[in-house]
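upload-v1.csv (CSV, C-alpha atoms) appears below.
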chain,number,residue,atom,x,y,z
Z,1,MET,CA,16.9,-2.6,41.0
Z,2,ARG,CA,13.6,-4.3,40.6
Z,3,ASP,CA,13.7,-7.9,39.4
Z,4,ARG,CA,12.8,-8.5,35.7
Z,5,THR,CA,10.5,-11.3,34.7
Z,6,LEU,CA,11.0,-13.8,31.9
Z,7,LEU,CA,8.8,-13.4,28.8
Z,8,ASP,CA,9.0,-17.1,27.6
Z,9,TRP,CA,6.6,-17.0,24.6
Z,10,ARG,CA,6.5,-18.7,21.2
Z,11,VAL,CA,7.1,-15.9,18.7
Z,12,PRO,CA,7.1,-16.1,14.9
Z,13,GLU,CA,10.7,-16.9,14.1
Z,14,ALA,CA,11.3,-14.7,11.1
Z,15,GLU,CA,10.0,-11.5,12.8
Z,16,TRP,CA,12.0,-12.2,16.0
Z,17,GLU,CA,15.2,-12.6,13.9
Z,18,ARG,CA,14.5,-9.3,12.1
Z,19,PHE,CA,14.0,-7.6,15.5
Z,20,VAL,CA,17.3,-9.1,16.9
Z,21,GLU,CA,19.1,-7.9,13.8
Z,22,HIS,CA,17.5,-4.4,14.1
Z,23,VAL,CA,18.7,-4.1,17.8
Z,24,GLU,CA,22.2,-5.2,16.9
Z,25,ASN,CA,22.4,-2.7,14.0
Z,26,GLU,CA,21.1,0.1,16.2
Z,27,PHE,CA,23.3,-0.5,19.3
Z,28,GLY,CA,26.2,-2.7,17.9
Z,29,SER,CA,25.2,-5.5,20.3
Z,30,ILE,CA,22.2,-7.2,21.7
Z,31,GLU,CA,23.7,-7.7,25.1
Z,32,GLY,CA,21.8,-5.4,27.5
Z,33,TYR,CA,19.6,-4.0,24.8
Z,34,LEU,CA,17.4,-6.7,23.5
Z,35,GLY,CA,15.2,-7.0,26.5
Z,36,ARG,CA,15.0,-3.2,26.9
Z,37,GLU,CA,13.9,-2.7,23.3
Z,38,ALA,CA,11.4,-5.5,23.5
Z,39,GLU,CA,10.0,-3.8,26.6
Z,40,ALA,CA,9.8,-0.4,24.8
Z,41,ALA,CA,7.8,-2.1,22.0
Z,42,MET,CA,5.4,-3.6,24.5
Z,43,ARG,CA,4.9,-0.3,26.3
Z,44,GLU,CA,4.0,1.3,23.0
Z,45,TYR,CA,1.5,-1.5,22.1
Z,46,ALA,CA,-0.1,-1.2,25.5
Z,47,ASP,CA,-0.2,2.6,25.4
Z,48,THR,CA,1.8,2.9,28.6
Z,49,ASP,CA,4.7,4.8,27.1
Z,50,GLY,CA,3.2,8.1,28.0
Z,51,TYR,CA,2.5,9.2,24.5
Z,52,ALA,CA,-1.0,7.8,23.8
Z,53,GLY,CA,-2.5,11.1,24.7
Z,54,VAL,CA,-0.2,12.9,22.2
Z,55,GLU,CA,-1.2,10.5,19.4
Z,56,GLU,CA,-4.9,11.1,20.2
Z,57,ARG,CA,-4.4,14.9,19.9
Z,58,VAL,CA,-2.5,14.5,16.6
Z,59,ASP,CA,-5.4,12.4,15.3
Z,60,ARG,CA,-7.8,15.2,16.2
Z,61,LEU,CA,-5.7,17.6,14.3
Z,62,VAL,CA,-5.5,15.4,11.3
Z,63,LYS,CA,-9.3,15.0,11.3
Z,64,ALA,CA,-9.8,18.7,11.7
Z,65,ALA,CA,-7.7,19.2,8.6
Z,66,GLY,CA,-10.0,16.9,6.7
Z,67,ARG,CA,-7.5,14.1,6.5
Z,68,SER,CA,-7.7,10.5,7.5
Z,69,SER,CA,-5.1,8.8,9.7
Z,70,ASP,CA,-2.7,6.3,8.1
Z,71,GLY,CA,-4.1,3.4,10.0
Z,72,GLY,CA,-0.7,2.6,11.4
Z,73,SER,CA,-2.0,1.1,14.5
Z,74,GLU,CA,-4.4,-1.3,12.7
Z,75,GLU,CA,-4.0,-4.9,13.7
Z,76,LYS,CA,-2.6,-7.1,11.0
Z,77,ASN,CA,-1.7,-10.2,12.9
Z,78,SER,CA,-2.9,-12.6,10.2
Z,79,GLN,CA,0.5,-12.5,8.4
Z,80,PHE,CA,1.9,-14.4,11.4
Z,81,ASN,CA,-0.6,-17.2,11.4
Z,82,GLY,CA,0.8,-20.7,10.7
Z,83,VAL,CA,4.5,-19.6,10.4
Z,84,PRO,CA,7.4,-21.3,12.3
Z,85,THR,CA,7.9,-20.0,15.8
Z,86,THR,CA,10.8,-19.8,18.2
Z,87,ARG,CA,11.0,-19.6,22.0
Z,88,VAL,CA,11.8,-16.1,23.2
Z,89,THR,CA,13.1,-15.8,26.7
Z,90,VAL,CA,14.1,-12.1,27.2
Z,91,ARG,CA,13.5,-10.4,30.5
Z,92,VAL,CA,11.2,-7.4,30.9
Z,93,ASP,CA,9.7,-5.3,33.6
Z,94,PRO,CA,6.8,-7.3,35.3
Z,95,ASP,CA,4.4,-4.4,35.1
Z,96,VAL,CA,5.1,-3.9,31.4
Z,97,LYS,CA,4.4,-7.6,30.8
Z,98,ASP,CA,1.1,-7.4,32.8
Z,99,ASP,CA,0.0,-4.3,30.9
Z,100,PHE,CA,0.9,-5.9,27.6
Z,101,ARG,CA,-1.0,-9.1,28.4
Z,102,ALA,CA,-4.0,-7.1,29.3
Z,103,ALA,CA,-3.9,-5.2,26.0
Z,104,ALA,CA,-3.2,-8.4,24.0
Z,105,LYS,CA,-6.2,-10.1,25.4
Z,106,LYS,CA,-8.3,-7.8,23.3
Z,107,SER,CA,-6.9,-9.6,20.2
Z,108,ASP,CA,-7.9,-13.1,19.2
Z,109,GLN,CA,-4.2,-14.0,18.8
Z,110,SER,CA,-1.7,-15.6,21.1
Z,111,TYR,CA,0.7,-13.5,23.2
Z,112,GLY,CA,3.5,-14.5,21.0
Z,113,VAL,CA,1.8,-13.4,17.7
Z,114,THR,CA,0.7,-10.1,19.3
Z,115,PHE,CA,4.2,-9.6,20.6
Z,116,ALA,CA,5.5,-10.1,17.0
Z,117,ARG,CA,3.1,-7.4,15.8
Z,118,ALA,CA,4.4,-5.1,18.5
Z,119,ILE,CA,8.1,-5.5,17.7
Z,120,GLN,CA,7.4,-5.3,14.0
Z,121,THR,CA,5.7,-1.9,14.5
Z,122,TYR,CA,8.4,-0.7,16.8
Z,123,ARG,CA,11.1,-1.8,14.3
Z,124,ASP,CA,9.3,0.2,11.6
Z,125,GLY,CA,9.5,3.3,13.6
Z,126,GLY,CA,6.8,2.8,16.1
Z,127,ARG,CA,4.6,5.6,17.5
Z,128,ALA,CA,7.1,8.3,16.6
Z,129,ALA,CA,7.0,7.3,12.9
Z,130,ARG,CA,3.2,7.2,12.9
Z,131,LEU,CA,3.0,10.7,14.4
Z,132,GLU,CA,5.5,12.0,11.9
Z,133,ARG,CA,3.5,10.6,9.0
Z,134,ARG,CA,0.2,12.0,10.3
Z,135,LEU,CA,1.7,15.5,11.0
Z,136,ASP,CA,3.2,15.5,7.5
Z,137,ARG,CA,-0.3,15.1,6.1
Z,138,VAL,CA,-1.5,18.4,7.6
Z,139,LEU,CA,1.8,20.5,7.7
Z,140,ASP,CA,1.3,22.0,4.3
Z,141,ASP,CA,-2.3,22.9,5.1
Z,142,ALA,CA,-1.3,24.5,8.4
Z,143,GLU,CA,1.4,26.6,6.6
Z,144,LYS,CA,-1.1,27.8,4.0
Z,145,MET,CA,-3.7,28.7,6.6
Z,146,LEU,CA,-1.2,30.7,8.6
Z,147,GLU,CA,0.1,32.4,5.5
Z,148,GLN,CA,-3.5,33.3,4.5
Z,149,VAL,CA,-4.2,35.1,7.8
Z,150,ALA,CA,-0.9,36.9,7.9
Z,151,GLU,CA,-1.5,40.6,7.4
Z,152,ASP,CA,1.7,41.1,5.4
Z,153,SER,CA,1.0,38.2,2.9
Z,154,ASP,CA,1.0,39.5,-0.6
Z,155,ASP,CA,1.4,36.2,-2.4
Z,156,ASP,CA,-2.0,34.8,-3.3
Z,157,SER,CA,-0.4,31.7,-4.7
Z,158,VAL,CA,0.3,30.3,-1.2
Z,159,SER,CA,-3.1,31.2,0.2
Z,160,MET,CA,-5.7,28.5,0.6
Z,161,GLY,CA,-8.5,29.3,-1.9
Z,162,LYS,CA,-12.3,28.7,-1.5
Z,163,HIS,CA,-12.2,25.4,-3.3
Z,164,GLN,CA,-9.6,23.9,-0.9
Z,165,ARG,CA,-11.3,25.3,2.2
Z,166,CYS,CA,-14.6,23.7,1.0
Z,167,VAL,CA,-12.8,20.4,0.4
Z,168,ILE,CA,-11.6,20.4,4.0
Z,169,ALA,CA,-15.1,21.3,5.3
Z,170,ILE,CA,-16.6,18.5,3.2
Z,171,CYS,CA,-14.1,16.0,4.5
Z,172,ASN,CA,-14.9,17.1,8.1
Z,173,GLU,CA,-18.6,16.5,7.4
Z,174,LEU,CA,-18.1,12.9,6.3
Z,175,GLY,CA,-17.4,10.0,8.5
Z,176,GLU,CA,-14.7,7.3,8.0
Z,177,GLU,CA,-17.3,5.5,5.8
Z,178,PHE,CA,-19.9,7.1,3.6
Z,179,VAL,CA,-22.0,6.5,0.5
Z,180,ASP,CA,-22.0,8.5,-2.8
Z,181,ASP,CA,-25.3,10.2,-1.9
Z,182,GLU,CA,-23.8,11.6,1.3
Z,183,LEU,CA,-20.7,12.8,-0.5
Z,184,GLU,CA,-22.7,14.6,-3.2
Z,185,ARG,CA,-25.1,16.1,-0.6
Z,186,ALA,CA,-22.2,17.5,1.4
Z,187,ILE,CA,-20.6,18.9,-1.8
Z,188,ARG,CA,-23.8,20.7,-2.7
Z,189,ASN,CA,-24.5,22.0,0.8
Z,190,ILE,CA,-21.0,23.2,1.6
Z,191,ALA,CA,-19.5,24.2,-1.7
Z,192,ASN,CA,-22.9,25.4,-3.1
Z,193,VAL,CA,-22.2,23.9,-6.6
Z,194,HIS,CA,-24.6,22.0,-8.7
Z,195,SER,CA,-23.1,21.4,-12.1
Z,196,GLU,CA,-21.9,17.9,-12.8
Z,197,LYS,CA,-18.4,19.1,-13.6
Z,198,SER,CA,-18.0,21.0,-10.3
Z,199,ILE,CA,-19.4,18.1,-8.3
Z,200,ARG,CA,-17.1,15.7,-10.1
Z,201,ASP,CA,-14.1,18.0,-9.4
Z,202,TYR,CA,-14.9,18.2,-5.7
Z,203,ARG,CA,-15.6,14.5,-5.5
Z,204,GLN,CA,-12.2,13.7,-6.9
Z,205,ASP,CA,-10.4,16.0,-4.5
Z,206,VAL,CA,-12.4,14.8,-1.4
Z,207,ILE,CA,-11.7,11.1,-2.2
Z,208,GLU,CA,-8.0,11.9,-2.7
Z,209,ARG,CA,-7.7,13.9,0.5
Z,210,LEU,CA,-9.5,11.3,2.6
Z,211,ASP,CA,-7.6,8.5,0.9
Z,212,VAL,CA,-10.6,6.2,0.9
Z,213,GLU,CA,-11.5,3.3,-1.5
Z,214,PRO,CA,-14.7,1.8,-2.8
Z,215,HIS,CA,-16.0,-1.1,-0.8
Z,216,PRO,CA,-15.2,-4.2,-2.9
Z,217,ASN,CA,-18.6,-5.8,-2.2
Z,218,VAL,CA,-21.0,-2.9,-1.5
Z,219,PRO,CA,-21.7,-0.5,-4.4
Z,220,HIS,CA,-21.4,3.3,-3.7
Z,221,LEU,CA,-19.8,2.8,-0.3
Z,222,TRP,CA,-16.4,4.3,0.5
Z,223,VAL,CA,-14.2,2.8,3.2
Z,224,GLN,CA,-10.7,3.2,4.7
Z,225,PRO,CA,-7.8,1.5,2.8
Z,226,GLU,CA,-7.2,-0.9,5.7
Z,227,LYS,CA,-10.7,-2.2,5.5
Z,228,ALA,CA,-10.5,-2.6,1.7
Z,229,GLU,CA,-7.2,-4.4,2.1
Z,230,ARG,CA,-8.8,-6.9,4.6
Z,231,LEU,CA,-11.7,-7.5,2.3
Z,232,CYS,CA,-9.4,-8.0,-0.7
Z,233,PRO,CA,-6.4,-9.8,0.8
Z,234,GLY,CA,-3.4,-10.0,-1.5
Z,235,VAL,CA,-4.6,-7.4,-4.0
Z,236,PRO,CA,-2.3,-4.4,-4.4
Z,237,LYS,CA,-3.9,-1.0,-3.8
Z,238,GLU,CA,-3.2,0.1,-7.4
Z,239,CYS,CA,-5.3,-2.9,-8.6
Z,240,ARG,CA,-8.1,-2.3,-6.1
Z,241,ARG,CA,-8.7,1.4,-6.5
Z,242,PRO,CA,-10.7,2.9,-9.4
Z,243,VAL,CA,-8.6,3.9,-12.4
Z,244,GLU,CA,-10.0,7.5,-12.2
Z,245,HIS,CA,-8.4,7.9,-8.8
Z,246,LEU,CA,-4.9,6.7,-9.8
Z,247,SER,CA,-2.0,8.9,-10.9
Z,248,SER,CA,-0.2,8.1,-14.1
Z,249,ASP,CA,2.6,6.4,-12.1
Z,250,ASP,CA,0.0,4.3,-10.3
Z,251,ARG,CA,-1.6,3.3,-13.6
Z,252,VAL,CA,1.7,2.2,-14.9
Z,253,ARG,CA,2.3,0.1,-11.8
Z,254,ARG,CA,-1.2,-1.4,-12.1
Z,255,LEU,CA,-0.3,-2.4,-15.7
Z,256,LYS,CA,3.0,-4.0,-14.6
Z,257,LEU,CA,1.3,-5.9,-11.8
Z,258,ALA,CA,-1.6,-7.2,-13.9
Z,259,ALA,CA,0.6,-8.2,-16.9
Z,260,GLY,CA,3.2,-9.6,-14.6
Z,261,ARG,CA,0.7,-11.7,-12.7
Z,262,ARG,CA,-0.6,-13.2,-15.9
Z,263,ALA,CA,3.0,-14.0,-17.0
Z,264,ALA,CA,3.6,-15.6,-13.6
Z,265,SER,CA,0.7,-17.9,-14.2
Z,266,THR,CA,2.2,-19.4,-17.4
Z,267,ASP,CA,4.9,-22.1,-17.5
Z,268,ALA,CA,7.3,-19.9,-19.4
Z,269,GLY,CA,6.7,-16.7,-17.4
Z,270,LYS,CA,6.2,-14.8,-20.6
Z,271,ILE,CA,3.1,-13.2,-22.2
Z,272,ARG,CA,2.0,-10.9,-24.9
Z,273,VAL,CA,-1.1,-8.8,-24.3
Z,274,THR,CA,-2.8,-6.4,-26.6
Z,275,ALA,CA,-3.7,-2.8,-26.0
Z,276,THR,CA,-7.4,-3.7,-26.4
Z,277,GLU,CA,-7.2,-6.2,-23.6
Z,278,ILE,CA,-5.3,-3.8,-21.4
Z,279,ARG,CA,-7.7,-0.9,-22.0
Z,280,GLU,CA,-10.7,-3.1,-21.3
Z,281,GLN,CA,-9.5,-5.4,-18.5
Z,282,VAL,CA,-6.7,-3.4,-16.7
Z,283,PHE,CA,-8.1,0.1,-17.1
Z,284,ASP,CA,-11.8,-0.7,-17.2
Z,285,ASN,CA,-12.3,1.4,-20.4
Z,286,GLU,CA,-11.4,4.5,-18.3
Z,287,THR,CA,-8.5,5.4,-20.5
Z,288,SER,CA,-8.4,6.5,-24.2
Z,289,ARG,CA,-6.7,4.4,-26.8
Z,290,LYS,CA,-3.9,7.0,-27.0
Z,291,THR,CA,-3.4,7.1,-23.2
Z,292,THR,CA,-3.4,3.3,-23.0
Z,293,ARG,CA,-0.6,3.1,-25.6
Z,294,GLU,CA,1.3,5.8,-23.6
Z,295,LEU,CA,1.0,3.9,-20.4
Z,296,MET,CA,2.2,0.7,-22.1
Z,297,ARG,CA,5.2,2.6,-23.6
Z,298,SER,CA,6.0,4.1,-20.2
Z,299,ALA,CA,5.9,0.6,-18.6
Z,300,SER,CA,8.4,-0.7,-21.2
Z,301,GLN,CA,10.7,2.3,-20.8
Z,302,THR,CA,11.0,2.0,-17.0
Z,303,THR,CA,11.2,-1.8,-16.5
Z,304,THR,CA,13.6,-4.4,-17.8
Z,305,GLY,CA,11.7,-7.4,-19.1
Z,306,VAL,CA,8.7,-5.4,-20.3
Z,307,GLY,CA,8.6,-4.5,-24.0
Z,308,PHE,CA,6.3,-2.4,-26.2
Z,309,ASP,CA,5.4,-3.4,-29.7
Z,310,GLY,CA,3.8,-0.5,-31.5
Z,311,GLU,CA,4.2,-1.9,-35.0
Z,312,THR,CA,1.3,-4.3,-34.7
Z,313,SER,CA,-2.4,-3.4,-34.7
Z,314,PRO,CA,-3.4,-3.3,-31.9
Z,315,ALA,CA,-0.2,-2.5,-30.1
Z,316,ALA,CA,1.0,-5.1,-27.6
Z,317,LEU,CA,2.9,-5.3,-24.3
Z,318,GLN,CA,5.4,-8.2,-23.9
Z,319,VAL,CA,6.5,-9.4,-20.4
Z,320,ASN,CA,9.4,-11.8,-19.8
Z,321,LEU,CA,9.2,-12.4,-16.0
Z,322,ARG,CA,12.6,-14.2,-16.0
Z,323,VAL,CA,14.4,-11.1,-17.3
Z,324,LEU,CA,12.3,-8.8,-15.1
Z,325,GLY,CA,13.3,-10.7,-12.0
Z,326,GLU,CA,17.0,-10.2,-12.7
Z,327,THR,CA,16.9,-6.5,-12.0
Z,328,GLU,CA,13.4,-5.5,-10.7
Z,329,PHE,CA,13.5,-7.5,-7.4
Z,330,ASP,CA,10.8,-5.6,-5.5
Z,331,LEU,CA,8.4,-5.6,-8.4
Z,332,TRP,CA,9.1,-9.3,-9.0
Z,333,ASP,CA,8.3,-10.1,-5.4
Z,334,ASP,CA,5.1,-8.0,-5.6
Z,335,ILE,CA,4.0,-9.8,-8.7
Z,336,ILE,CA,4.6,-13.3,-7.2
Z,337,ASP,CA,2.7,-12.2,-4.0
Z,338,TYR,CA,-0.2,-11.0,-6.1
Z,339,ARG,CA,-0.4,-14.3,-8.0
Z,340,ASP,CA,0.0,-16.5,-4.9
Z,341,ASN,CA,-2.4,-14.6,-2.7
Z,342,THR,CA,-5.3,-14.1,-5.1
Z,343,ASP,CA,-7.5,-16.4,-7.1
Z,344,SER,CA,-7.7,-14.1,-10.2
Z,345,GLY,CA,-6.2,-10.9,-11.5
Z,346,LEU,CA,-7.3,-8.0,-13.7
Z,347,LEU,CA,-6.3,-9.7,-16.9
Z,348,SER,CA,-8.2,-12.9,-17.7
Z,349,SER,CA,-6.1,-16.0,-18.1
Z,350,SER,CA,-4.7,-16.8,-21.5
Z,351,ALA,CA,-3.5,-19.8,-23.4
Z,352,PRO,CA,0.1,-20.9,-22.7
Z,353,THR,CA,2.6,-18.5,-24.3
Z,354,THR,CA,5.1,-19.7,-26.9
Z,355,MET,CA,8.2,-18.1,-28.5
Z,356,ASP,CA,6.1,-17.1,-31.5
Z,357,ASP,CA,4.1,-14.7,-29.2
Z,358,PHE,CA,7.2,-12.6,-28.8
Z,359,VAL,CA,9.2,-12.7,-32.0
Z,360,SER,CA,9.1,-13.8,-35.6
Z,361,SER,CA,12.5,-15.5,-35.5
Z,362,PRO,CA,14.6,-17.0,-32.7
Z,363,ASP,CA,17.4,-14.5,-33.4
Z,364,GLU,CA,15.1,-11.7,-32.1
Z,365,ALA,CA,14.4,-13.4,-28.8
Z,366,SER,CA,16.2,-11.2,-26.4
Z,367,SER,CA,15.3,-8.6,-23.9
Z,368,GLY,CA,17.6,-6.3,-22.1
Z,369,GLY,CA,20.6,-8.1,-23.6
Z,370,GLN,CA,19.4,-11.5,-22.2
Z,371,PRO,CA,18.2,-14.4,-24.2
Z,372,ALA,CA,14.5,-15.1,-23.7
Z,373,ALA,CA,13.9,-18.7,-22.8
Z,374,SER,CA,11.3,-20.7,-24.7
Z,375,ASP,CA,8.6,-22.7,-23.1
Z,376,GLY,CA,10.8,-25.8,-23.2
Z,377,GLY,CA,13.6,-24.1,-21.4
Z,378,GLU,CA,14.5,-24.1,-17.7
Z,379,ASP,CA,11.6,-23.5,-15.4
Z,380,GLY,CA,11.5,-20.2,-13.6
Z,381,PRO,CA,10.7,-19.6,-9.9
Z,382,TRP,CA,7.0,-18.9,-10.7
Written form, C-alpha cells:
Amino acid sequence: MRDRTLLDWRVPEAEWERFVEHVENEFGSIEGYLGREAEAAMREYADTDGYAGVEERVDRLVKAAGRSSDGGSEEKNSQFNGVPTTRVTVRVDPDVKDDFRAAAKKSDQSYGVTFARAIQTYRDGGRAARLERRLDRVLDDAEKMLEQVAEDSDDDSVSMGKHQRCVIAICNELGEEFVDDELERAIRNIANVHSEKSIRDYRQDVIERLDVEPHPNVPHLWVQPEKAERLCPGVPKECRRPVEHLSSDDRVRRLKLAAGRRAASTDAGKIRVTATEIREQVFDNETSRKTTRELMRSASQTTTGVGFDGETSPAALQVNLRVLGETEFDLWDDIIDYRDNTDSGLLSSSAPTTMDDFVSSPDEASSGGQPAASDGGEDGPW
C-alpha cells in the first residue's frame, strides 16, 4: 500500500470538531475513517473525485430549464477568519494533498481555512447533495414536458402551458445578472405581451424561477443570491428581498426578524411596535393595512413571546425576546445574528422600552405563561 502523507495544518477548531463528530456518528468510530473521509472531502473540493463532469452536465440541464443553480460551491471562507484553530495531523494520499493544495491556491485563504470549507461542504452532503438539490429544481418541469408530448395524455392540468414555456424561454435568454430593461425586453419579445399587467405577471414568475435578488447598491440590477449575501453580510434573505417577491410565510418571518432585532437592541429585550411602523418600515408600504394586521396576527399565533394587540389604534405587535428564546431557539439565534452582524435593521431604533409599553398593570405582564421581566430585571443574553 502506498505511504500516506501527514496533513499537519492549522484548521478552525469548531469546524474540525464538528467533522470529527460527523465521522464518528457515521461509522461508529474515527479510527481508520477520519483520514479517509478528510481525503474524500479534499477530492471533491479539488474536483478529482470523478464527478466534476457530471455536475457540469447537471448545471447545463438546470440552465436549460431556466433555473439557476443553488450556488452550493460558492466560496464562503470568511466565516472562518479570526476563529480559534487546532492542529490537524491526519494522513491522506499524497496526490490528493497535492491536488488540493493546487486548487486551494486559487483562494486567498490558508490551506487550513480552505480545508475547513471543504470538510464543511462534505459534512453537509457534498457534491451528491448539491446534485440532488439541482435536479429537484428541474424534475417537475421534466415530468410535465414529457407528459405534454405523450400521445396518450388527456389531462391538460399536468401539461405545461404557453405561459410557463415562455417563462422558461425568458429565463434562458437572460444571464446570471440583468437589468429591468433587459427583462422587460425579453418578456415582450418572447411572450409577445405588452400590457402592464401581463408584463408584471411574467416578471414575477421569471424572478421567482431564477431566484435572483435586486443588487443592494445598483438600482434595477438583478443578481444571484450569493452575491447579494456577500454585499449585505448578516442580513437574512427575507429582509433583503423585495416584499412583493416574498411569500406570506416569508413576510411573517421578515416581521419576526425585524421586530426581534429591535427588541434585541434594548436593555430589556422587549418592544411594542405599531402597525403603521410595520407597514411603512418592514413592508415598505407594499402591504395593505388589512394584510399588515393579518401578518402581525399570524406572527403572534405562531411564535411564543410575540403578541398582537388589536384593541388599540393602530394595532401593535409586542415582542418579549426573553420568552421567545425559551422555545424558539433557532429564531432567537437568527435574531441575535441579525443584530450582531448588521449596523441597522428594517425598523428604526426606538426609545428604551418599559413595562408600560406592554400592559396597563403589572398583573397583566405575562406571555406564554411566563412573567415578563421589567427593564430593571435580570439582563438577558442580548
Contacts of range 13-30 of chain Z at 7 Å or less, counting all atoms listed in the file, minus same-chain residues fewer than 3 places along, as an MDAnalysis selection string? chainID Z and resid 33:34 84:86 116 119:120 123
Take CA of Cys166 in chain Z and CA of Ala191 in chain Z and report the distance between them in Å, one decimal.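 Computing it gives 5.6 Å between the two atoms.
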Counting only C-alpha atoms, the residue of Z:Gly310, Z:Leu347, Z:Arg209, Z:Ala129 that sits nearest Val167 in chain Z: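 Under the stated criterion, the closest residue is Z:Arg209.
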Pick from Z:Ala299, Z:Arg127, Z:Gly269, Z:Gly234 nearest to Val323 in chain Z, counting all atoms listed in the file: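 The closest residue to Val323 in chain Z is Z:Gly269.
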Any idea what the distance is between CA of Arg230 in chain Z and CA of Trp9 in chain Z? 27.2 Å
Mind pulling up the distance from CA of Glu31 in chain Z to CA of Val90 in chain Z? 10.8 Å
Between Z:Arg272, Z:Arg10, Z:Val282, Z:Arg253, single out the one closest to Phe80 in chain Z, counting all atoms listed in the file. Z:Arg10
Of the candidates Z:Glu55, Z:Asp211, Z:Glu294, Z:Glu44, which shows the shortest atom-to-atom distance to Thr121 in chain Z, using only C-alpha atoms?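 Distance minimum relative to Thr121 in chain Z lands on Z:Glu44.
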Kindly indicate which residue among Z:Cys232, Z:Leu7, Z:Asn217, Z:Leu135 lies nearest to Phe115 in chain Z, using all atoms listed in the file for the distances.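 Closest candidate: Z:Leu7.
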Taking (2.9, -7.8, -15.3) in the file's coordinates as the center, which residues reach within 10 Å of it, counting only C-alpha atoms, put as number ranges by chain? Z: 253-264, 269-271, 273, 299, 305-306, 317-321, 324, 331-332, 334-336, 347
Sel. within 12 Å of pt (-9.3, 2.6, -21.6), counting all atoms listed in the file, output as an MDAnalysis selection string: chainID Z and resid 243:244 251 255 275:296
Ile199 in chain Z proximity check over Z:Arg87, Z:Glu238, Z:Ile187, Z:Thr312, using only C-alpha atoms: winner is Z:Ile187
